[in-house]
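Below is one structure, written out as structure tokens, with a few remarks after it.
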Amino acid sequence: MQSVVARSMIALTSMAAIFGAILAVASRIFVVHRDPRVEQVLDLLPGANCGACGFPGCQGLAEAMVKGDAPPNACPPGGAEAAAAIADMLGGEAGEMVRKIAVVHCNGGLSNSVQRLEYEGIEDCRAAMLVGGSPKSCIFGCLGLGTCRLVCPFDAVELDEEGLVHIDRVKCTGCGNCVEACPVNIIDLVPEDVKVHIKCSSHDKGAAAKKVCEVACIACQLCVKKCPQGAISMDDNLAVLDHSKCTNCGICAAVCPTHTIVDGVKARPKAVIGGGCDGIGKCKEVCPVKAIEGEPGERHEIVREKCIGCGLCMEACPNKAINMVGALGHQRGRE
Amino acid sequence: MKAMGELVKGIYKENPVFRLALGLCPALAVSTSVENGLGMGAAATFVLLGSNIVVSLLRKVIPSKVRIPCFIVVIASFVTIVELVMAAYLPELAKSLGIFIPLIVVNCIILGRAEAFASKHGMGRAMLDGIGMGIGFTFALVLIGGIREVMGDGKLFGFMVFGPRFQPVLLMILAPGAFITMGLLMGYFNLLDEKLRKRAEARKAGEGGR
Amino acid sequence: MGNFLRLVGTLAAIALVASFGLSAVYNATHEIAEEYKRQEEAQARTEVLACEPTAHFVETLTDSVVSGKKFAYYAAYASEESDEVLGYTFKAYGKGYSSTIETIVGVDATGTICATETIFQQETPGLGAKVVEVASKNTLWDVLAGRAEDETGTEPWFEVQFDGGVLADLHVVKSESADGILAITGATISSDAVTNSIRDGLAMLLSIVGIEGAPGESSGAPADPPPGGTGAGEDS
Amino acid sequence: MRERLIVSASPHIREDVSVQKIMYGVVIALVPAIVGSVYFYGYRALYLTVLAVVAALVTEAIIQKARGVPVAIRDGSALVTGILLAFNLPPGVPWWIPVIGSIFAIAIGKQVFGGLGYNPLNPALVGRAFLLASWPVHMTTTWLPARGGTLSGTALHGIDAVTQATPLAVLKKVSEIIADPSSTTHQVVQAREALADLGSADTIVNLFIGRVGGCIGETSVLLLLVGAVYLMYRHWIDVRIPASYLLTVAVLAWVFGGPSGFFTGNALFHVLSGGLILGAFFMATDMVTSPVTPRGVIIFGVGCGVLTTIIRLIGGYPEGVSYSILLMNVATPLIDRHTRPKKFGEVKSSG
Amino acid sequence: MHPPTSKEQSKDVGITEATLPERVVIPLRQALGAPAEPTVKVGDEVRLGQKIGEANGFVSVPVHASIAGKVAAVGRFPHPLGGEQEAIVIEGDGSEAWDDSVRPRDNVDALTSDEIKSIVLEAGIVGLGGAAFPTHVKLSPPESKPIDTAILNGAECEPWLTADHRLMLESPAEILEGFSLIMRALGCERGIVGIEANKLDAVETVRKALPGGSKIRVAALQVKYPQGAEKQLIGALLGRQVPCGGLPMDVGVVVQNVGTALAVHDACRLGRPLVRRVVTLTGNPMSRPTNFMVRIGTLVSSLVDEAGGLDGDVAKVVSGGPMMGMTQFTLDVPVIKGMSGILFLGPDEIDVGEPDPCIRCGHCVHSCPMKLLPTTIEKYVMAGQIESAVDAGLNDCIECGSCSYVCPSRRRLIHYFKFGKYLAWERKKAAREKAEKEKKGQ
Amino acid sequence: MDYGQLFAVVIGAIFISNFVLMRFLGLCPFVGVSKDSDSALGMGMAVIFVMTMASLVTWFVYNYVLVPLEITYLRTIAFILVIATLVQFVEMVIEKTSPALHKSLGIYLPLITTNCAVLGVAVVNVNEFMVTELPRNASFIFTVVHGLAAGIGFTLALILMAAIRERLDLGEVPESMRGIPITFIVAGLMAIAFMGFAGLKVG
Ligand SMILES: Cc1cc2nc3c(=O)[nH]c(=O)nc-3n(C[C@H](O)[C@H](O)[C@H](O)COP(=O)(O)O)c2cc1C
Ligand SMILES: Cc1cc2nc3c(=O)[nH]c(=O)nc-3n(C[C@H](O)[C@H](O)[C@H](O)COP(=O)(O)O)c2cc1C
Ligand SMILES: Cc1cc2nc3c(=O)[nH]c(=O)nc-3n(C[C@H](O)[C@H](O)[C@H](O)COP(=O)(O)O)c2cc1C
Ligand SMILES: Cc1cc2nc3c(=O)[nH]c(=O)nc-3n(C[C@H](O)[C@H](O)[C@H](O)CO)c2cc1C
Ligand code: SF4
Ligand code: SF4
Ligand code: SF4
Ligand code: SF4
Ligand code: FES
């Protein structure tokens with residue numbers, strides 16, 4: 001007991017041993033079962049607490065997932081990646097995720113639509129609806145006060161000076177908060193790979209709609225007729241797109257006289273007619289935008305400026321003389 | 001490259017004080033001068049390095065129930081070493097750092113790194129992390145200490161900066177000055193971050209088009 | 001049970017290693033640290049009695065007159081053999097703002113303070129810590145430009161005020177025009193702590209060693225001797 | 001009729017008040033005291049006030065610009081802050097004191113929190129406390145005697161410990177002398193004389209008129225009250241705050257403030273001296289930093305009173321008005337939280 | 001709270017019958033409760049007082065044709081409560097003949113409580129004091145809540161409006177009879193008519209019209225806003241506090257507006273359904289402020305023309321009073337049962353522009369008759385902390401407008417409260433739906 | 001026993017040299033757990049409890065183990081070992097015996113192990129009450145009371161801060177200052193206000 005070394009070692013070691021023993025014993029006596037997996041799942045979730053899953057925040061979902069009350073893919077923002085990781089951890093199937101993105105079905109900005117009143121109040125579309133309705137003469141249109149932007153937990157909505165909202169396709173996770181919040185119900189979740197959108201929600205008759213908004217759907221039915229997939233139909237004076245059928249060919253957008261339909265495809269392939277052409281003219285018949293010229297029997301040519309890359313001619317050509325060149329793979333459902 | 005990243009992340013991106021808001025007590029208490037900041041930083045870096053190494057070496061042997069007590073013993077040992085060595089060889093510094101030397105034990109950074117990093121990684125990376133975090137901590141202390149020393153005492157490294165007519169802002173040396181300096185610095189870093197992010201975004205947008 | 005042993009064992013093993021390492025470091029360092037302290041004090045003692053450069057110190061421990069606690073002082077003799085007392089030194093402890101300030105005081109044979117040196121304080125930097133601050137004229141720029149004047153050996157201005165002081169001088173004043181120890185601005189507490197501790201210690205010393213004029217009856221160390229009041233020490 | 005009518009929520013008419021109106025009302029209420037300060041201390045008082053105001057306005061404008069929010073210095077709040085900060089300074093401080101104080105008050109006391117309405121602590125007092133902590137010498141020694149009076153407001157029979165001090169500082173010093181067992185009889189006698197002097201009718205009148213030393217705007221109780229009455233008449237300050245504040249100080253000072261035991265204190269002296277009147281009517285009433293609930297304002301006032309008396313009687317400073325208001329500002333959110341009024345028709349389950 | 005009453009313009013103008021409109025737009029939703037189900041279709045001939053919409057549930061009332069003619073359209077039309085709502089349009093044929101179902105009764109004094117209630121329901125009577133709550137519901141309190149006092153609300157505390165005032169001056173006897181019928185329906189003994197003291201002539205008139213031995217008493221009330229609000233009125237007259245979230249019947253009281261009493265009288269005595277009401281057209285830009293007796297469904301624009309049009313710039317058109325009314329963006333809205341006035345405000349009478357930050361002055365707190373903390377609730381709603389807002393009393397707010405009126409920062413307090421209540425309601429709905437779904441799932 | 005002095009210790013630890021605002025101890029949980037009032041109160045209670053207990057236990061360890069064996073240089077390691085064990089032990093007990101209490105208080109306990117205020121109070125206790133010449137029983141009482149008061153001081157600062165932050169959350173604090181930065185500014189201003197207690201003469 002003489003040297004400091006000995007005293008220190010004995011004292012500290014025995015203290016450690018005693019405390020260690022206390023803890024060890026206590027941990028046995030006072031054992032409470034807690035599931036560590038909840039924490040782990042929580043780590044894998046985005047942690048935005050956006051509520052899209054319908055559970056009280058990410059913690060709630062994590063608990064539910066561990067208990068098996070929610071599937072691993074119950075978190076829309078987390079997407080397939082999180083779902084896979086969670087499934088991996090909890091040992092289950094991830095389930096299939098089709099990424100969806102919010103789309104606003106209105107394009108009537110301050111300069112191309114008519115306003116009917118001067119609104120003074122809270123910058124929130126829902127609040128405006130409470131005191132007098134939309135400032136726009138079109139009662140189906142976007143109010144432009146940005147409720148969707150407020151509720152988006154991912155900062156994916158932008159409001160421009162035209163009073164129109166745009167959704168950032170990269171940031172949007174398809175949580176659907178904006179869809180819920182929009183008081184005029186003009187936001188929709190659309191599969192990510194659909195890039196052609198009908199930007200109007202007006203059920204007014206053509207003339208009435210046109211009177212209050214330059215870019216309104218006037219129910220002319222051109223798109224319905226021209227859509228090669230039959231993906232567009234009319235519902236009470238409004239063109240509606242069936243997303244499962246759409247191939248992003250962009251014909252509807254090209255033919256819409258009021259530019260209600262917006263084509264979001266950045267670059268399209270162009271058709272090129274090769275040497276196999278015998279001038280049979282099938283292509284010319286099917287081309288919706290009259291981009292093919294040529295005398296019958298002679299080799300036809302594509303007017304590149306006009307071609308919208310829909311690929312109809314390629315399919316129609318019996319000689320397989322047409323190829324689509326550039327920006328390949330943009331179209332859905334083709335492989 | 002990766003090692004470099006491990007090393008420098010502590011300085012700005014994951015600065016323990018400004019970013020992780022850890023180890024705040026010593027960061028404020030002893031940052032009355034650059035000198036103190038350096039001393040404290042060096043002490044903490046030593047402990048961080050040592051404990052990170054040991055913890056990472058022992059990570060496989062320690063049962064998780066007594067993990068925290070074990071880590072703490074390791075850390076406390078290094079702290080005591082610092083305490084003893086400093087008292088012997090740097091008595092002046094030991095005096096001015098006061099009770100904050102023993103308190104390195106509970107400096108959240110150290111246990112935090114032991115828990116979050118060292119206990120999960122090998123020795124090499126744990127070492128780099130320790131040094132990186134230590135440098136970041138020191139940087140923060142020196143920065144705060146510098147500002148407070150210059151404004152509150154009119155000096156830097158103990159030398160007068162402005163000449164004798166300067167009437168120092170005593171508050172900066174006092175507790176409120178520490179808090180306010182810290183708050184403003186953190187706010188400034190947030191602002192800086194925002195700017196950097198915006199610039200990066202703009203660049204990305206410029207490249208990719210929208 | 002095996003698990004139990006493992007828990008306890010690991011912790012104990014770590015503690016064992018740690019304590020071994022630590023005690024080794026302790027053995028290696030504590031001597032140095034204590035030696036340093038002794039040295040520092042010894043050096044301080046010679047410095048505060050610099051007016052008697054050849055002094056040889058002998059420690060005396062007595063019961064203090066006031067509180068009954070131990071009061072330690074060193075008597076300085078001309079040489080190891082000599083009986084001639086050149087002066088005394090003692091350590092004064094004063095409770096400051098955030099620490100107990102320790103000051104070594106050198107007193108000559110007549111009871112006049114020769115010099116003082118504060119050897120420990122943890123007061124607020126910039127405020128109370130100024131009790132040990134050396135008023136420098138050099139700025140950082142001077143130093144960088146290499147035109148700094150040599151200031152080694154310069155004493156803190158607050159300490160210098162005590163040199164040559166007698167008991168009656170030891171009270172804090174706040175303006176330069178008054179007689180006494182000029183307080184550090186914004187740090188009256190620290191200034192008081194140093195001054196009053198020195199005064200109390202000096203009073204004690206004087207009464208113990210029986211220097212003339214010492215307030216032998218000084219029960220209750222005078223808190224605030226009024227200027228020109230109940231004549232404690234003599235004017236020198 | 002307009003082509004596009006305005007649509008908004010009710011109500012569609014509003015009372016004719018605005019923030020600007022209230023703020024300028026406070027400025028008007030402070031004008032007598034400004035005039036008084038020039039009378040008592042000369043143009044230097046006005047000079048310092050103007051400096052504080054300009055610095056406050058410029059700081060506010062610069063920060064608002066930098067933050068990208070509309071510059072709203074015309075709302076008058078920074079003006080009030082500037083004036084009140086200057087009012088809390090000794091008249092002899094160097095010119096840069098009000099400037100730096102205002103900058104700190106507006107930048108750290110107000111704008112970091114988002115500007116008008118969001119600051120938890122009274123900006124002017126934050127500025128003052130900052131100055132007091134940073135340059136204690138300037139802030140506690142640069143007093144000037146008021147015209148027609150003395151620094152301490154009394155004749156002070158040769159008590160040399162306290163020549164350069166305001167009434168409260170004198171009070172503090174003599175109380176210390178009396179309480180100190182080692183004081184000589186002579187000193188105690190002197191101190192008691194000085195104390196009697198402080199409590200004399202003469203001193204009280206001097207305090208009321210303003211013929212004593214003190215901060216720029218705090219000396220003349222009379223002129224401050226003129227302004228305060230105007231504000232109360234306009235219902236722009238909540239009378240319950242100054243009322244409960246002053247009452248608390250008066251009672252506590254009477255009970256504990258006496259040199260010879262309980263119930264011997266001079267309540268009137270305590271109420272009239274120092275910055276109490278200025279603080280109670282113009283600073284504790286700053287609506288942004290005081291509670292909004294009816295019970296809360298009373299608690300706030302009483303709390304200020306208790307703290308002021310504690311600091312004055314046993315604290316480290318002669319005067320405690322600014323610190324006590326700041327401390328109660330700190331507690332305001334907590335008070336608000338716990339003093340929600342009972343709703344009309346609410347039956348508390350606990351009875 | 002004492003906003004200027006501004007009633008001088010129309011208080012001395014007698015009630016005039018508005019000319020028979022050529023076309024009326026009768027919304028199926030008159031106010032609270034479920035909208036009525038149309039019972040006519042385009043092209044049908046309808047007669048005055050004929051039922052054209054059937055009540056749809058307990059809290060719902062039928063609607064009646066207010067002119068005789070032909071149904072021209074059934075569809076969505078601008079509604080004074082905002083947006084577009086389902087309405088029936090009748091093109092008038094000028095005939096004033098009542099439908100066969102309208103027959104005066106002689107046995108009025110013998111009507112039992114239940115008979116009165118069913119007459120009131122069939123007549124489509126809703127409260128005419130503003131909220132337009134179905135009156136038969138109010139007259140049918142559950143057994144557990146016996147009513148001992150009925151109060152007739154003649155306070156008309158809203159500035160500008162004078163419809164109730166004129167009605168009390170011109171038809172006191174009818175109102176009192178209606179009130180007695182209400183009391184009989186409720187089976188209560190005590191009746192009080194509460195009238196603000198700035199209408200002493202009305203107090204006098206109604207007092208004089210009291211039949212001898214009546215159990216009804218007339219009380220003059222202190223003039224202050226919102227004296228006419230139910231809970232405040234009960235407090236002022238009886239000293240009873242309606243509990244939070246409770247109804248007047250919880251303290252044994254029912255409050256009805258004077259116009260409602262007249263409608264009850266008309267229904268019981270004359271057998272007429274509710275097809276008309278008094279509407280005050282007023283405001284500085286009006287050339288001739290007027291109190292009109294109007295057919296429900298008359299377009300406001302035609303009333304304005306009849307009153308001589310507008311001669312000042314109008315920035316806001318308000319249906320109701322300035323404190324609680326709803327703004328309109330067009331004059332082509334029909335008069336509905338709950339519309340007591342149309343107020344025109346010029347650009348300098350309203351305030352425009354962004355509000356200043358709240359300076360926590362507490363004026364709103366002092367002014368709130370419900371003793372709430374408007375500023376706190378507003379901030380909670382702004383921050384989206386709806387639960388905290390509800391906790392602090394959001395749902396107890398009666399939207400009287402006092403707080404916004406006095407706010408020096410011109411905060412949009414009421415708008416936030418409306419918004420907050422909406423969000424709270426949405427949240428509750430979502431929670432309920434979720435609970436239901438869960439239940440179904442199990 | 002000098003009750004005046006004891007009172008001075010209490011006032012000193014709560015107001016004059018408040019652990020958080022003046023001594024810079026326990027800042028991490030102070031900024032971390034002051035977001036809302038309820039957790040602040042829970043954390044505060046937990047800290048009060050642990051600080052008092054830690055003061056008590058470390059007193060025994062110091063006076064009956066370290067001093068007799070002359071190994072006071074090991075106090076840091078010994079103290080922290082005691083505190084860590086204590087906290088973990090208490091947490092386990094509470095979790096088992098009173099889940100309700102654990103929910104409101106226990107979840108903060110793990111945070112406290114690494115709270116330097118707890119070790120700080122132990123170290124301060126040694127410096128102020130143990131190495132001095134206080135009689136043993138006085139030193140014990142001072143130690144425990146100081147631990148309690150320091151905990152109360154921490155809790156006071158914490159709940160004041162929490163209420164202020166709840167209010168700031170409803171306000172317009174500039175984006176870059178939100179959260180921790182503004183908390184520090186408020187702490188600074190609180191410290192300025194607490195300077196009003198400086199020099200308070202009690203006891
Ligand atoms: C954070 C803080 C630190 C302080 N540090 C010291 C100090 O180290 N020494 C001292 O004497 N007073 C200190 N004080 C006390 C004040 O400075 C005190 O008001 C001052 O001693 C009064 O002196 P004055 O009369 O020169 O203003 C401190 C006060 C605060 C608030
Ligand atoms: C609202 C207000 C609050 C004040 N608060 C304090 C205070 O807390 N401490 C202080 O020393 N002086 C304060 N003062 C200043 C004093 O009134 C007075 O000027 C000062 O105490 C002078 O005394 P001194 O020379 O002894 O320091 C305050 C002044 C005002 C107007
Ligand atoms: C702020 C406020 C003010 C009101 N003022 C009146 C009023 O002056 N006259 C009135 O009859 N009803 C007024 N009401 C409506 C009454 O509260 C109550 O609903 C009405 O008197 C019930 O009668 P009714 O169902 O017959 O309309 C007011 C309501 C509120 C919320
Ligand atoms: C009655 C009243 C008192 C005020 N008192 C102060 C004050 O003491 N200090 C200050 O900086 N501003 C004061 N102001 C101005 C304003 O409220 C203050 O700048 C806000 O705190 C800034 O948000 C006052 C305003 C009013 C209406
Ligand atoms: S919420 Fe709906 S109406 Fe409002 S901005 Fe978004 S899309 Fe437009
Ligand atoms: S834009 Fe809509 S769907 Fe997309 S992330 Fe935002 S809220 Fe969710
Ligand atoms: S009246 Fe307006 S400024 Fe005053 S507290 Fe209420 S909301 Fe705020
Ligand atoms: S509107 Fe609501 S909160 Fe405002 S005063 Fe009226 S009842 Fe109170
Ligand atoms: S360093 Fe003190 S609590 Fe984190």
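Each chain in the structure tokens gets a letter, A, B, ..., in the order shown, and its residues are numbered from 1; ligands are numbered from 1 in order too.
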Applying 8 Å and only C-alpha atoms, which residues near Leu25 (chain F) remain after dropping the ones on its own chain fewer than 5 positions away? List them as a compact mmCIF listing (two decimals) with N, CA and C atoms, in the first residue's frame.
# COMPACT_ATOMS: atom_id res chain seq x y z
N CYS B 25 -18.89 24.70 -23.88
CA CYS B 25 -18.47 25.34 -22.63
C CYS B 25 -17.03 25.83 -22.70
N PHE F 19 -24.64 28.99 -13.21
CA PHE F 19 -23.78 28.02 -13.87
C PHE F 19 -23.72 28.20 -15.38
N VAL F 20 -24.86 28.44 -15.96
CA VAL F 20 -24.87 28.55 -17.41
C VAL F 20 -24.40 29.92 -17.87
N CYS F 116 -21.21 18.94 -18.82
CA CYS F 116 -20.06 19.28 -18.01
C CYS F 116 -20.47 20.01 -16.75
N ALA F 117 -21.74 20.45 -16.67
CA ALA F 117 -22.17 21.11 -15.45
C ALA F 117 -22.11 20.16 -14.27
N GLY F 120 -18.65 19.64 -13.47
CA GLY F 120 -18.23 20.98 -13.06
C GLY F 120 -18.59 21.25 -11.61
I'd like the neighbourhood of Cys358 (chain E) as a ChimeraX atom specification, where a residue qualifies if any of its atoms comes within 12 Å (using only C-alpha atoms), though same-chain residues fewer than 5 positions away should be ignored.
/D:18-19,114-119,287-289,292 /E:363-364,374-376,378-379,404,407-413 /F:170-172
Please determine the contact residues of chain E with respect to chain D at a cut-off of 8 Å, counting only C-alpha atoms, and supply them as a PyMOL selection string.
chain E and resi 3+241-244+310+312-317+322-330+349-351+356-362+365+369-373+393+401-402+404-410+412+414-415
Met195 (chain F) surroundings by only C-alpha atoms, 10 Å radius, close-in-sequence under 6 positions cut, as a PyMOL selection string:
(chain B and resi 174-176) or (chain D and resi 129+133+316+323+327) or (chain F and resi 15-17+21-22+189)
Skipping near chain neighbours, those fewer than 5 positions away, what residues fall within 9 Å of Met183 (chain E) using only C-alpha atoms, listed as a list in words?
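Non-adjacent residues within range: Ser113, Leu139, Thr149, Ala150, Gly178, Cys188, Glu189, Arg190 and Gly191 of chain E.
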Give me, as a count of residues only, the set of residues whose atoms come within 9 Å of any atom of ligand 3, counting only C-alpha atoms and all ligand atoms.
50
Contact set, chain A to chain F: 9 Å, only C-alpha atoms, as a PyMOL selection string
chain A and resi 1+4+7-8+11-12+15-16+19-20+22-23+26-27+29-32
Please produce, as CSV, a per-residue contact table for chain F versus chain B (criterion: any atom at most 6 Å away, only C-alpha atoms considered), showing the nearest atom pair and its distance in Å to one decimal, sorted by chain then residue number.
residue,atom,partner,partner_atom,distance
F:Met22,CA,B:Ala175,CA,5.7
F:Phe24,CA,B:Cys25,CA,5.2
F:Leu25,CA,B:Cys25,CA,5.5
F:Leu27,CA,B:Cys25,CA,5.6
F:Ile77,CA,B:Ala76,CA,5.0
F:Thr114,CA,B:Val106,CA,5.0
F:Cys116,CA,B:Val106,CA,5.1
F:Ser176,CA,B:Gly187,CA,5.2
F:Met177,CA,B:Gly187,CA,4.8
F:Pro181,CA,B:Gly183,CA,4.1
F:Phe184,CA,B:Gly183,CA,4.7
F:Ile185,CA,B:Ile180,CA,4.8
F:Gly188,CA,B:Pro176,CA,4.0
F:Ala191,CA,B:Pro176,CA,5.2
F:Ile192,CA,B:Pro176,CA,5.8
Provide as a CSV table (one decimal) with N, CA and C atoms, in the first residue's frame the residues of chain F at most 7 Å from chain D, counting only C-alpha atoms.
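Below is the file that was written, part-v6.csv:
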chain,number,residue,atom,x,y,z
F,160,LEU,N,-36.3,29.9,-18.6
F,160,LEU,CA,-36.4,31.2,-19.2
F,160,LEU,C,-36.1,31.2,-20.7
F,163,ALA,N,-38.9,29.6,-22.8
F,163,ALA,CA,-40.0,30.4,-23.1
F,163,ALA,C,-39.7,31.5,-24.1
F,164,ILE,N,-38.5,32.1,-24.0
F,164,ILE,CA,-38.1,33.1,-25.0
F,164,ILE,C,-38.0,32.5,-26.4
F,167,ARG,N,-41.2,32.0,-28.0
F,167,ARG,CA,-41.7,33.2,-28.6
F,167,ARG,C,-41.0,33.6,-29.9
F,171,GLY,N,-41.7,34.4,-34.3
F,171,GLY,CA,-41.3,35.7,-34.8
F,171,GLY,C,-40.6,35.6,-36.1
F,172,GLU,N,-39.8,36.6,-36.3
F,172,GLU,CA,-39.2,36.8,-37.6
F,172,GLU,C,-37.7,36.8,-37.6
F,173,VAL,N,-37.1,36.0,-36.8
F,173,VAL,CA,-35.7,36.0,-36.7
F,173,VAL,C,-35.1,35.7,-38.1
F,174,PRO,N,-34.1,36.5,-38.5
F,174,PRO,CA,-33.5,36.3,-39.8
F,174,PRO,C,-33.1,34.8,-40.0
F,190,MET,N,-29.2,37.7,-21.8
F,190,MET,CA,-29.6,37.2,-20.4
F,190,MET,C,-28.4,37.4,-19.5
F,192,ILE,N,-26.1,39.6,-19.7
F,192,ILE,CA,-26.0,41.0,-19.4
F,192,ILE,C,-27.0,41.4,-18.3
F,193,ALA,N,-28.3,40.9,-18.4
F,193,ALA,CA,-29.3,41.2,-17.4
F,193,ALA,C,-28.9,40.6,-16.1
F,194,PHE,N,-28.3,39.4,-16.1
F,194,PHE,CA,-27.9,38.8,-14.8
F,194,PHE,C,-26.8,39.5,-14.2
F,196,GLY,N,-26.9,42.3,-13.3
F,196,GLY,CA,-27.5,43.1,-12.3
F,196,GLY,C,-27.4,42.5,-10.9
F,197,PHE,N,-27.1,41.2,-10.9
F,197,PHE,CA,-27.0,40.6,-9.6
F,197,PHE,C,-25.6,40.7,-9.0
F,198,ALA,N,-24.7,41.1,-9.9
F,198,ALA,CA,-23.3,41.2,-9.5
F,198,ALA,C,-23.1,42.0,-8.2
F,199,GLY,N,-22.4,41.5,-7.3
F,199,GLY,CA,-22.1,42.2,-6.1
F,199,GLY,C,-23.2,42.2,-5.1
F,200,LEU,N,-24.2,41.3,-5.3
F,200,LEU,CA,-25.3,41.2,-4.3
F,200,LEU,C,-24.7,40.8,-3.0
F,201,LYS,N,-25.0,41.5,-1.9
F,201,LYS,CA,-24.5,41.1,-0.6
F,201,LYS,C,-25.6,40.4,0.2
Quick check for you: according to DSSP on this backbone, which residues of region 138-319 of chain E are classed as alpha helix (DSSP H)? Reply as a ChimeraX atom specification.
/E:138,163-170,172-186,200-209,230-238,258-265,300-306
What is the distance, in Å and to one decimal place, between CA of Phe344 (chain E) and CA of Leu281 (chain E)?
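Rounded to one decimal, the two atoms are 8.0 Å apart.
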May I ask you to write as an MDAnalysis selection string all residues lying at most 9 Å from ligand 5, with only C-alpha atoms and all ligand atoms counted?
chainID A and resid 103:106 124:126 134 140:151 157 159 163:166 178:187
Region 2-203 of chain B: residues DSSP assigns to strand (DSSP E or B), reported as an NGL selection string:
:B and (155-156 or 159-160)
